[in-house]
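Input: a single structure, listed below in structure tokens.
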Amino acid sequence: MIKSIVSFLFGIFFLFSSCSKDRSFDERELHLISPEKIAGFDPIHASDNYSANEMGKVYEGLFEFHPLKRPYELVPNLAESLPLVSDDGLTYSFKIRAGVHFHDSPAFKDGKGRELKSDDFLYSLKRLADPKLQAKGWWLLDDKIVGLNEWRNKYVAAESSNYGDEIEGLRKIDDYTFSIKLKKPYPQFLYALAMPYTFVVAKEAVEHFAKEFLNHPVGTGPFVLPVFEQTNRIVYTKNPTFREKFYPSEGEEGDDKSGLLADAGKKIPLVDKIIVDIIVESQPKWLSFQKAKADLLEIPKDNFDTAVIAGKDLSPELRSKGIRLFANPQLDVTFFAFNHDDPLFKNKKLRQAMSIAWNRDEANKLFYNKAAIEAQSVIPPGLGGYRKEFKNPYIKFDIDQAKKLLAEAGYPQGKGLPEIKIETRNETVARQLIEHFAKNLDRIGIKIKVSMNTWPELINKVTKRQHQMYTMAWGADYPDAENFLGLLYCPYSSPGSNGANYCNPDFDNLFKMATVLQDGLERNTLYEKMNEMVAVDVPWIFGFNRTKFYLSQAWVRNYKFMEFNHSQFQYLNVDLEVKKELSKKF
Amino acid sequence: MNTNSLWKDAFFRLTKDKLAVASLVIVLAYFIIAILSSLGLIASGWSQEVGASNLAPSIDHFFGTDIFGRSVIMKVIRGTQVAMSVGVAASLIAIPIGVTLGALAGYFGGWVDDFVTWLYTTFSSVPNIMLLISITLILGKGIFSVYVALGLTSWVHLCRLIRGEVLKHREREYVQAAAAIGGGHLRKLFRHILPNVSHIIIINTSMQFQVAIKSEVILSYLGLGVQGEPSWGTMIDDAKLELVRGVWWQLAGATLAMFFILLALNILGDALRDALDPKLKGK
Amino acid sequence: MIKYIIRRLLYMIPVLLGVSLIIFVLFNVVSGDPTAVLLGKNATAKQMIDLREQLGLNKSLFAQYLDVVKSAFTFDFGYSWATKQEISKMILQGALPSLCLSAPAFIISTILSLLISIFVAYYRGKGIDLFVRVFCIAGMSISALAYILFFQWFFAYKLGWFEISGFEASFPELISYIALPAIIWIVLSIGPDVRFFRTVILDEIYQDYVRTARSKGLSEIKILLQHVLRNALIPIITYVVIQIPSLILGALLLENFFSIPGLGGMTLNALNASDFPVMKAMAILSSVGYIIFGLISDILYTVADPRIKLK
């Protein structure tokens with residue numbers, strides 16, 4: 001009896017599951033995976049990479065990064081050209097493209113998307129400053145634009161903010177021109193205008209949808225998403241009213257050969273549909289890609305060995321399916337930060353001893369498949385200020401030297417040294433990494449205690465200076481070393497981004513000088529000097545500049561890694577012929 | 001009723017059940033392993049590298065090695081210590097709370113009963129997993145928090161059972177008789193009633209013990225469990241990244257270790273219940 | 001009866017007050033300041049102070065507790081801190097996927113367990129009884145995580161019987177997504193269910209009326225199905241009904257691994273993001289569910305067995 005019941009039940013399941021859908025080969029669909037839940041579609045809150053990726057499909061900003069050229073080059077997107085800058089470097093005049101329309105939406109009169117005007121940009125910037133909205137991106141404009149902080153402060157205690165107020169620094173000239181006046185030179189300003197925080201939104205949509213605005217993205221972007229629901233699948237369709245925007249016809253050297261220019265001059269977006277599946281756990285992510293349910297995949301760390309054999313090549317099984325591997329160095333740095341408030345860490349020799357007692361080579365092998373680069377200092381390779389020749393003497397693993405330094409620091413064999421507590425995130429790899437660090441330091445007699453935290457807890461401990469040490473990774477917001485050097489700038493101490501509370505007056509002076517300089521040799525020299533100066537002071541135990549590995553199915557065209565990739569998806573293409581052919585192998 | 005003979009009788013009945021005896025042996029063996037490990041007599045070198053990273057099981061490494069080249073079998077043993085200590089500590093916290101509150105409520109009735117009933121209704125209506133997670137979040141991570149969190153969530157069931165039993169016993173003749181000779185409340189409660197309901201504690205503990213072990217695994221998976229020590233939970237957590245690349249031995253080691261103790265505890269729990277209180281079956 | 005129901009419903013008030021106190025103490029007082037997280041990695045100090053004010057974190061503890069109590073009784077949970085979404089909408093959207101998984105899994109596992117327990121009760125004491133019992137106990141002695149990892153890899157990937165992960169709210173596509181997590185759910189819950197049902201049925205089998213029935217010459221199977229089961233059904237119904245509220249919360253781990261956008265995953269996210277309003281809402285909802293279904297199970301008790309009087 002039991003047997004028949006069980007087989008009956010299995011029969012039902014089997015019946016339904018075996019009739020799984022056939023893949024469609026007539027629509028250009030791009031299947032992507034996002035490893036994190038998407039909260040909503042309000043650009044002013046797009047603080048993490050994954051939300052930014054989603055918003056970049058429907059919203060746009062004045063500028064974007066060129067999809068092919070490296071180092072990253074800023075190009076006009078909704079702006080017609082790069083802005084005119086006044087001689088004192090404070091006033092920027094922008095001219096925007098005519099004939100750009102918002103997505104069709106019930107928010108507009110008769111449901112048709114309205115033309116984009118310069119007012120929309122001024123409105124969107126004010127939203128970022130609106131104290132009622134508490135935008136995550138406010139730091140970008142804080143104390144930068146004339147009159148904007150005053151406007152914000154005026155409404156902190158009020159019921160609502162009045163967007164009708166004139167602000168000196170934000171001026172409309174005509175429907176397609178406006179100007180922004182800065183308080184002081186801000187060389188990173190144009191980068192700010194390429195970030196998702198400053199993507200342009202329509203006032204009508206914000207007001208029409210009110211609290212539900214974050215579920216009804218109305219942008220000017222290449223794809224549309226009429227309603228966002230908190231599901232694990234987001235489906236975007238091509239924007240039928242998208243302006244004439246074309247695939248670039250030039251790129252970096254070699255792009256031609258690798259086929260990245262095959263679509264040059266074609267109207268974008270190139271795919272009809274993008275389907276994003278949100279999959280958190282790495283096993284289902286990996287299995288889905290293997291079944292061709294996803295077209296692109298960031299390789300979860302521990303699947304690396306199954307995918308890639310002997311260093312850098314794909315395993316034969318994957319190669320036979322036409323899958324390609326991309327190794328992409330990141331603009332990021334991982335670190336163990338000391339809390340310099342703690343008198344214990346005033347002892348430079350102790351910091352140095354701890355740094356060289358850690359076998360980074362082994363960690364690289366265990367956690368990054370040997371593909372990460374040992375961070376020499378705070379600036380990662382690929383940014384101005386990083387000098388290839390510079391080698392930090394205090395990152396080289398040397399256990400005898402570490403013991404010696406520890407003795408010189410006053411703690412021979414770790415005697416007299418209290419247990420040191422390190423805060424980290426509650427993730428498998430983070431835990432294993434600290435276990436490795438602790439094991440290494442144990443060899444010279446330093447006892448490490450691990451404390452795992454949820455992300456909010458970790459941030460809280462750091463901003464309230466309740467930590468002794470903590471570990472984190474910092475990813476670039478924009479391609480400028482200022483974004484990294486600021487992590488050690490004394491005025492940015494907790495609750496700011498300098499969670500180590502590191503203060504070095506010499507460094508701070510240089511930082512102040514560098515931040516008002518425009519990109520160029522003079523600034524780079526300053527950056528280099530600062531970078532190398534802090535390296536030997538070991539304010540952190542520097543970790544790695546990581547490399548991310550992506551796999552792409554054979555039918556994905558035009559994929560090239562981008563650090564700031566939210567605008568990338570409009571350039572991707574799917575080769576249906578290849579897909580049809582290869583799908584038999586899956 | 002003679003409590004002594006009840007126990008003797010139960011023990012006799014238990015020994016006749018071969019499966020139960022085998023389970024008892026397994027449980028004792030786990031305790032011995034845990035004690036030996038906590039004394040540092042076995043598996044003290046779990047943190048040492050014994051070979052290369054992620055070696056498959058072989059003659060040299062019975063259960064293979066983990067990512068750091070540590071012996072998986074030693075980690076399993078060390079994990080046994082963690083698991084057993086979680087079970088014991090959770091019981092040590094839960095039993096006094098559950099028994100005291102349950103006995104007071106059942107014995108005194110009235111507002112005391114109302115209060116205790118309210119307390120455990122409230123506690124049991126908040127989802128267990130939320131209580132567990134938030135208590136560990138608050139106390140800071142570590143094995144101590146796991147003890148407390150599990151202790152504070154597992155007294156509820158015991159309290160309810162004890163209350164019910166004490167309620168029944170209160171009206172019985174022997175208690176009434178004790179009252180007649182002039183025993184105080186406490187004396188009545190502790191000398192006469194509690195010994196007669198103590199079997200419930202034993203049965204309940206054998207059940208809660210396995211809940212504690214399972215919960216520790218879930219907490220460790222969420223990153224809230226034991227820190228800086230191997231536990232079955234962290235081993236399975238490791239395995240979730242390793243399985244697809246073919247590293248199955250950590251998962252197998254931890255799962256097997258967990259399997260035998262849970263199996264033994266379950267069978268033993270059933271047998272104890274049958275032996276000690278045939279009327280209580282399954283309630 | 002009506003009086004009893006009203007009394008029990010009124011009892012919800014002190015329990016909800018207690019629940020809100022626990023929640024308040026756990027999340028508001030002890031777990032600290034969410035502002036840093038809500039504002040992202042580049043937040044300024046000034047911005048954090050403003051936000052604390054806006055979230056009402058500067059109010060007195062008592063005023064904050066009153067807010068919690070208010071939302072417990074009005075079901076107005078406001079907006080999530082982490083996602084800025086309206087919480088009642090999040091819950092409504094998440095409840096469907098959770099129920100799509102938990103309801104069928106729960107029903108099938110209950111029916112299956114009942115059938116198995118009748119079967120083993122019939123063969124009680126025989127080898128097959130022992131075998132099935134040990135098998136059930138063995139099944140529940142394996143960690144849920146181990147099942148998930150292995151089943152997903154083997155059935156969904158290797159054999160390709162099911163979708164690896166995801167969710168589709170339309171029938172019959174739904175089944176290929178839900179089947180595998182549902183099977184894991186069933187495997188996990190059959191052990192404890194069978195164990196409980198079996199003892200309840202056995203309890204009845206040794207009652208006097210069964211002996212009488214047997215002496216009348218009724219067949220064993222008839223006795224089992226007509227008499228024993230009817231009486232055993234009372235504790236079984238109670239046991240089943242009391243589990244219903246936990247179905248809404250879904251299964252934390254299953255939802256996470258199979259990318260089902262349900263309430264379990266939502267709760268997990270909220271815990272990881274210190275999203276106090278969402279955790280509060282979930283805790284309040286599930287305690288209300290617990291109380292209501294507790295009441296329903298008590299009422300069913302009297303319906304099934306009129307001898308029991310509710311007081």
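All residue names refer to the structure tokens as shown: chains lettered A, B, ... in order, residues numbered from 1 in each chain, ligands numbered from 1 in order.
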
Review point. If we count only C-alpha atoms, which residues of chain B reach to within 9 Å of chain C? Please list them as a PyMOL selection string.
Key: chain B and resi 118-119+121-127+130-131+133-135+137-138+210+214+217-218+221+236-237+239-240+243-244+251-252+255-256+258-263+266-267+279+281-283

Selection to disk with N, CA and C atoms, as a compact mmCIF listing (two decimals), in the first residue's frame:
# COMPACT_ATOMS: atom_id res chain seq x y z
N TRP B 118 0.59 32.65 31.29
CA TRP B 118 0.76 33.80 30.40
C TRP B 118 2.19 33.84 29.85
N LEU B 119 3.15 33.59 30.77
CA LEU B 119 4.55 33.67 30.38
C LEU B 119 4.87 32.65 29.29
N THR B 121 2.76 31.02 27.34
CA THR B 121 1.99 31.25 26.11
C THR B 121 2.68 32.33 25.28
N THR B 122 3.10 33.38 25.97
CA THR B 122 3.77 34.46 25.26
C THR B 122 5.04 33.96 24.58
N PHE B 123 5.84 33.24 25.35
CA PHE B 123 7.10 32.75 24.80
C PHE B 123 6.87 31.81 23.62
N SER B 124 5.84 30.94 23.78
CA SER B 124 5.70 29.96 22.71
C SER B 124 5.01 30.57 21.50
N SER B 125 4.42 31.77 21.63
CA SER B 125 3.81 32.31 20.43
C SER B 125 4.77 33.13 19.58
N VAL B 126 5.92 33.50 20.12
CA VAL B 126 6.93 34.11 19.26
C VAL B 126 7.66 32.96 18.56
N PRO B 127 7.80 33.04 17.24
CA PRO B 127 8.46 31.92 16.54
C PRO B 127 9.83 31.64 17.14
N MET B 130 13.05 33.03 15.61
CA MET B 130 13.30 34.46 15.81
C MET B 130 13.88 34.72 17.19
N LEU B 131 13.34 34.01 18.17
CA LEU B 131 13.89 34.15 19.52
C LEU B 131 15.35 33.74 19.55
N ILE B 133 17.54 33.53 17.14
CA ILE B 133 18.44 34.42 16.42
C ILE B 133 18.63 35.73 17.17
N SER B 134 17.53 36.29 17.68
CA SER B 134 17.73 37.59 18.32
C SER B 134 18.49 37.48 19.63
N ILE B 135 18.30 36.39 20.36
CA ILE B 135 19.08 36.25 21.60
C ILE B 135 20.57 36.12 21.29
N LEU B 137 22.03 37.27 18.68
CA LEU B 137 22.50 38.57 18.19
C LEU B 137 22.83 39.49 19.37
N ILE B 138 21.99 39.42 20.38
CA ILE B 138 22.14 40.35 21.48
C ILE B 138 23.32 39.98 22.39
N GLN B 210 18.05 16.62 21.43
CA GLN B 210 18.26 16.57 19.99
C GLN B 210 17.79 17.85 19.30
N LYS B 214 20.16 20.04 16.78
CA LYS B 214 19.72 20.48 15.46
C LYS B 214 19.75 22.00 15.35
N VAL B 217 23.09 23.53 14.66
CA VAL B 217 23.49 23.43 13.25
C VAL B 217 22.88 24.57 12.44
N ILE B 218 21.60 24.85 12.68
CA ILE B 218 20.96 25.93 11.92
C ILE B 218 21.59 27.28 12.27
N TYR B 221 24.80 27.63 10.59
CA TYR B 221 24.61 27.91 9.17
C TYR B 221 24.35 29.40 8.96
N ILE B 236 28.93 21.72 8.04
CA ILE B 236 27.92 21.61 6.98
C ILE B 236 27.85 22.93 6.22
N ASP B 237 28.04 24.02 6.93
CA ASP B 237 28.06 25.33 6.28
C ASP B 237 29.20 25.39 5.25
N ALA B 239 30.39 22.89 3.76
CA ALA B 239 30.08 21.94 2.71
C ALA B 239 29.15 22.52 1.66
N LYS B 240 28.37 23.51 2.05
CA LYS B 240 27.42 24.04 1.07
C LYS B 240 28.17 24.67 -0.11
N LEU B 243 30.31 21.10 -1.96
CA LEU B 243 29.72 19.88 -2.48
C LEU B 243 29.81 19.79 -4.00
N VAL B 244 29.49 20.89 -4.68
CA VAL B 244 29.49 20.84 -6.14
C VAL B 244 30.87 20.57 -6.72
N LEU B 251 30.73 17.13 4.69
CA LEU B 251 29.29 16.97 4.85
C LEU B 251 28.98 15.58 5.40
N ALA B 252 29.65 14.57 4.81
CA ALA B 252 29.39 13.20 5.24
C ALA B 252 29.78 13.02 6.70
N THR B 255 27.37 14.95 8.99
CA THR B 255 26.02 14.40 8.91
C THR B 255 25.94 13.04 9.59
N LEU B 256 26.95 12.21 9.37
CA LEU B 256 26.95 10.89 10.00
C LEU B 256 27.03 10.99 11.51
N MET B 258 26.12 13.37 13.35
CA MET B 258 24.86 13.89 13.83
C MET B 258 23.78 12.82 13.75
N PHE B 259 23.82 12.07 12.67
CA PHE B 259 22.81 11.04 12.43
C PHE B 259 22.77 10.03 13.58
N PHE B 260 23.92 9.51 13.97
CA PHE B 260 23.93 8.45 14.98
C PHE B 260 23.46 8.95 16.34
N ILE B 261 23.91 10.13 16.72
CA ILE B 261 23.49 10.59 18.05
C ILE B 261 22.00 10.91 18.06
N LEU B 262 21.51 11.50 16.98
CA LEU B 262 20.08 11.83 16.96
C LEU B 262 19.24 10.56 16.93
N LEU B 263 19.68 9.62 16.13
CA LEU B 263 18.97 8.34 16.05
C LEU B 263 18.92 7.70 17.44
N ASN B 266 16.67 9.57 19.84
CA ASN B 266 15.25 9.38 19.55
C ASN B 266 14.76 8.03 20.05
N ILE B 267 15.52 6.99 19.73
CA ILE B 267 15.11 5.66 20.15
C ILE B 267 15.10 5.56 21.66
N LYS B 279 1.66 5.71 30.33
CA LYS B 279 0.46 6.51 30.08
C LYS B 279 0.76 7.77 29.28
N LYS B 281 2.55 8.27 26.74
CA LYS B 281 2.89 8.07 25.33
C LYS B 281 2.60 9.27 24.42
N GLY B 282 3.66 9.82 23.94
CA GLY B 282 3.52 10.79 22.86
C GLY B 282 2.92 12.13 23.23
N LYS B 283 2.71 12.37 24.50
CA LYS B 283 2.05 13.64 24.78
C LYS B 283 3.02 14.67 25.32

Write out as CSV the residues of chain B that have any atom within 12 Å of an atom of chain A, one row each with the nearest atom pair and its distance in Å to one decimal, counting only C-alpha atoms, sorted by chain and then rising number.
residue,atom,partner,partner_atom,distance
B:Trp46,CA,A:Lys439,CA,11.7
B:Ser47,CA,A:Lys439,CA,8.0
B:Gln48,CA,A:Lys439,CA,9.1
B:Glu49,CA,A:Lys439,CA,10.4
B:Ala52,CA,A:Leu366,CA,11.0
B:Ser53,CA,A:Leu366,CA,8.2
B:Asn54,CA,A:Leu366,CA,10.2
B:Asp66,CA,A:Leu366,CA,10.8
B:Ile67,CA,A:Leu366,CA,7.1
B:Phe68,CA,A:Leu366,CA,7.6
B:Gly69,CA,A:Leu366,CA,10.3
B:Arg70,CA,A:His436,CA,11.6
B:Ile133,CA,A:Thr454,CA,11.0
B:Ser134,CA,A:Thr454,CA,11.3
B:Thr136,CA,A:Asn453,CA,10.3
B:Leu137,CA,A:Asn453,CA,7.9
B:Ile138,CA,A:Glu457,CA,9.9
B:Leu139,CA,A:Asn453,CA,11.4
B:Gly140,CA,A:Ser451,CA,7.8
B:Lys141,CA,A:Met452,CA,6.3
B:Gly142,CA,A:Ser451,CA,7.8
B:Ile143,CA,A:Ser451,CA,11.3
B:Leu219,CA,A:Asn426,CA,10.8
B:Ser220,CA,A:Asn426,CA,9.4
B:Tyr221,CA,A:Thr428,CA,8.4
B:Leu222,CA,A:Asn426,CA,7.2
B:Gly223,CA,A:Asn426,CA,4.7
B:Leu224,CA,A:Asn426,CA,7.1
B:Gly225,CA,A:Met452,CA,9.1
B:Val226,CA,A:Met452,CA,9.7
B:Gln227,CA,A:Val450,CA,6.6
B:Gly228,CA,A:Val450,CA,6.4
B:Glu229,CA,A:Glu435,CA,9.2
B:Pro230,CA,A:Glu435,CA,10.5
B:Gly233,CA,A:Thr428,CA,11.3
B:Thr234,CA,A:Thr428,CA,8.3
B:Met235,CA,A:Thr428,CA,10.0
B:Ile236,CA,A:Thr428,CA,10.4
B:Asp237,CA,A:Thr428,CA,6.9
B:Asp238,CA,A:Thr428,CA,6.5
B:Ala239,CA,A:Asp302,CA,9.8
B:Lys240,CA,A:Gln283,CA,6.9
B:Leu241,CA,A:Asp302,CA,5.6
B:Glu242,CA,A:Asp302,CA,6.0
B:Leu243,CA,A:Gln283,CA,8.1
B:Val244,CA,A:Asn303,CA,6.8
B:Arg245,CA,A:Thr306,CA,5.3
B:Gly246,CA,A:Thr306,CA,8.3
B:Val247,CA,A:Asp302,CA,10.0

Practice item. Pull the strand (DSSP E or B) assignments for segment 315-509 of chain A out of DSSP run on the backbone, and list those residues as a PyMOL selection string. Key: chain A and resi 324-329+332-338+373-374+420-425+448-453+469-475+493+498

Exercise for review: Figure out the distance between atom CA of Ala481 of chain A and atom CA of Leu344 of chain A, please, to one decimal in Å.
Suggested key: 29.5 Å

Name all residues at most 10 Å from Pro104 of chain C (count only C-alpha atoms; drop same-chain ones fewer than 3 positions away) and give them as a PDB file with C-alpha atoms, in the first residue's frame.
ATOM      1  CA  LEU C  99       1.849  28.955   1.171  1.00  0.00           C
ATOM      2  CA  CYS C 100       2.332  27.477  -2.306  1.00  0.00           C
ATOM      3  CA  LEU C 101       5.187  25.503  -0.828  1.00  0.00           C
ATOM      4  CA  ILE C 107      -1.226  18.324   3.583  1.00  0.00           C
ATOM      5  CA  ILE C 108       0.615  15.561   1.766  1.00  0.00           C
ATOM      6  CA  SER C 109       2.951  14.881   4.661  1.00  0.00           C
ATOM      7  CA  THR C 110       0.058  14.737   7.121  1.00  0.00           C
ATOM      8  CA  ILE C 178       7.795  23.555  -5.693  1.00  0.00           C
ATOM      9  CA  ALA C 179       8.004  19.770  -5.921  1.00  0.00           C
ATOM     10  CA  ALA C 182       8.069  20.073  -0.879  1.00  0.00           C
ATOM     11  CA  ILE C 186       7.741  15.910   3.600  1.00  0.00           C
TER      12      ILE C 186
END

Practice item. Find the residues around Ile116 of chain C up to 7 Å (only C-alpha atoms counted), leave out those fewer than 3 positions away in its own chain, and share them as a ChimeraX atom specification. Key: /A:2 /C:112-113,119-120,194

Check your understanding: To one decimal place, how far is atom CA of Glu298 of chain A from atom CA of Glu54 of chain A in Å?
Key ->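 So the answer is 16.0 Å.
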
Check your understanding: Which residues come within 10 Å of Gly56 of chain C, counting only C-alpha atoms, excluding same-chain residues fewer than 6 positions away, as a ChimeraX atom specification?
Key -> /C:63-64,67

Check your understanding: What's the 10 Å shell around Leu24 of chain B, counting only C-alpha atoms, without same-chain residues fewer than 4 positions away, as a count of residues only?
Key -> 14

Point to revise | Contacts of Gln47 of chain C at 10 Å (only C-alpha atoms; same-chain gap of 3+ positions) as a ChimeraX atom specification | key: /A:131,134-136,138-139,142 /C:35-36,39,43-44,50-53

Please produce an output containing N, CA and C atoms for each residue in the selection, written as an mmCIF file, in the first residue's frame.
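Final output, saved to again16.cif:
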data_model
loop_
_atom_site.group_PDB
_atom_site.id
_atom_site.type_symbol
_atom_site.label_atom_id
_atom_site.label_comp_id
_atom_site.auth_asym_id
_atom_site.auth_seq_id
_atom_site.Cartn_x
_atom_site.Cartn_y
_atom_site.Cartn_z
ATOM 1 N N PRO A 131 15.820 66.144 2.870
ATOM 2 C CA PRO A 131 16.018 65.486 4.176
ATOM 3 C C PRO A 131 14.903 64.498 4.514
ATOM 4 N N GLN A 134 16.075 60.972 3.072
ATOM 5 C CA GLN A 134 17.275 60.343 3.631
ATOM 6 C C GLN A 134 17.975 59.453 2.607
ATOM 7 N N ALA A 135 18.314 60.034 1.489
ATOM 8 C CA ALA A 135 18.956 59.287 0.414
ATOM 9 C C ALA A 135 20.292 58.717 0.862
ATOM 10 N N LYS A 136 20.560 57.477 0.417
ATOM 11 C CA LYS A 136 21.848 56.875 0.748
ATOM 12 C C LYS A 136 22.985 57.553 -0.014
ATOM 13 N N TRP A 138 23.399 60.858 -0.446
ATOM 14 C CA TRP A 138 23.551 62.276 -0.112
ATOM 15 C C TRP A 138 25.007 62.702 0.037
ATOM 16 N N TRP A 139 25.842 61.816 0.567
ATOM 17 C CA TRP A 139 27.260 62.150 0.777
ATOM 18 C C TRP A 139 27.918 62.659 -0.494
ATOM 19 N N ASP A 142 26.928 66.337 -0.497
ATOM 20 C CA ASP A 142 26.996 67.036 0.784
ATOM 21 C C ASP A 142 28.103 68.089 0.759
ATOM 22 N N THR C 35 20.725 53.132 11.983
ATOM 23 C CA THR C 35 20.882 54.232 11.029
ATOM 24 C C THR C 35 22.075 54.053 10.096
ATOM 25 N N ALA C 36 23.180 53.555 10.645
ATOM 26 C CA ALA C 36 24.380 53.440 9.820
ATOM 27 C C ALA C 36 24.098 52.558 8.615
ATOM 28 N N LEU C 39 21.759 54.132 5.873
ATOM 29 C CA LEU C 39 22.280 55.235 5.072
ATOM 30 C C LEU C 39 23.447 54.830 4.187
ATOM 31 N N ALA C 43 27.705 57.287 4.901
ATOM 32 C CA ALA C 43 26.827 58.195 5.648
ATOM 33 C C ALA C 43 27.609 59.232 6.431
ATOM 34 N N THR C 44 27.035 60.407 6.560
ATOM 35 C CA THR C 44 27.670 61.432 7.381
ATOM 36 C C THR C 44 27.019 61.424 8.757
ATOM 37 N N ASP C 50 19.882 63.052 12.007
ATOM 38 C CA ASP C 50 18.570 63.387 11.433
ATOM 39 C C ASP C 50 17.696 62.143 11.314
ATOM 40 N N LEU C 51 18.299 61.072 10.852
ATOM 41 C CA LEU C 51 17.516 59.864 10.608
ATOM 42 C C LEU C 51 17.013 59.256 11.919
ATOM 43 N N ARG C 52 17.860 59.284 12.923
ATOM 44 C CA ARG C 52 17.421 58.764 14.230
ATOM 45 C C ARG C 52 16.160 59.486 14.675
ATOM 46 N N GLU C 53 16.181 60.783 14.456
ATOM 47 C CA GLU C 53 15.027 61.611 14.814
ATOM 48 C C GLU C 53 13.800 61.143 14.026
#

Check your understanding: Given the choices A:Asp174, A:Asp104, A:Asp477, A:Glu115, which gets closest to chain C if the distance is worked out from only C-alpha atoms?
Key -> A:Asp477

**Study point:** Pick from C:Val210, C:Ala72, C:Met48, C:Ala103 nearest to chain A, counting only C-alpha atoms
**Key:**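 Of C:Val210, C:Ala72, C:Met48, C:Ala103, the one nearest chain A, counting only C-alpha atoms, is C:Met48.
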
Practice item. Kindly indicate which residue among C:Val68, C:Ala95, C:Met90, C:Met1 lies nearest to chain A, using only C-alpha atoms for the distances. Key: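 Comparing C:Val68, C:Ala95, C:Met90, C:Met1 against chain A, the winner is C:Met90.
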
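Between chain A and the residues C:Ala213, C:Val240, C:Leu114, C:Val25, the shortest atom-to-atom distance, using only C-alpha atoms, involves C:Leu114.
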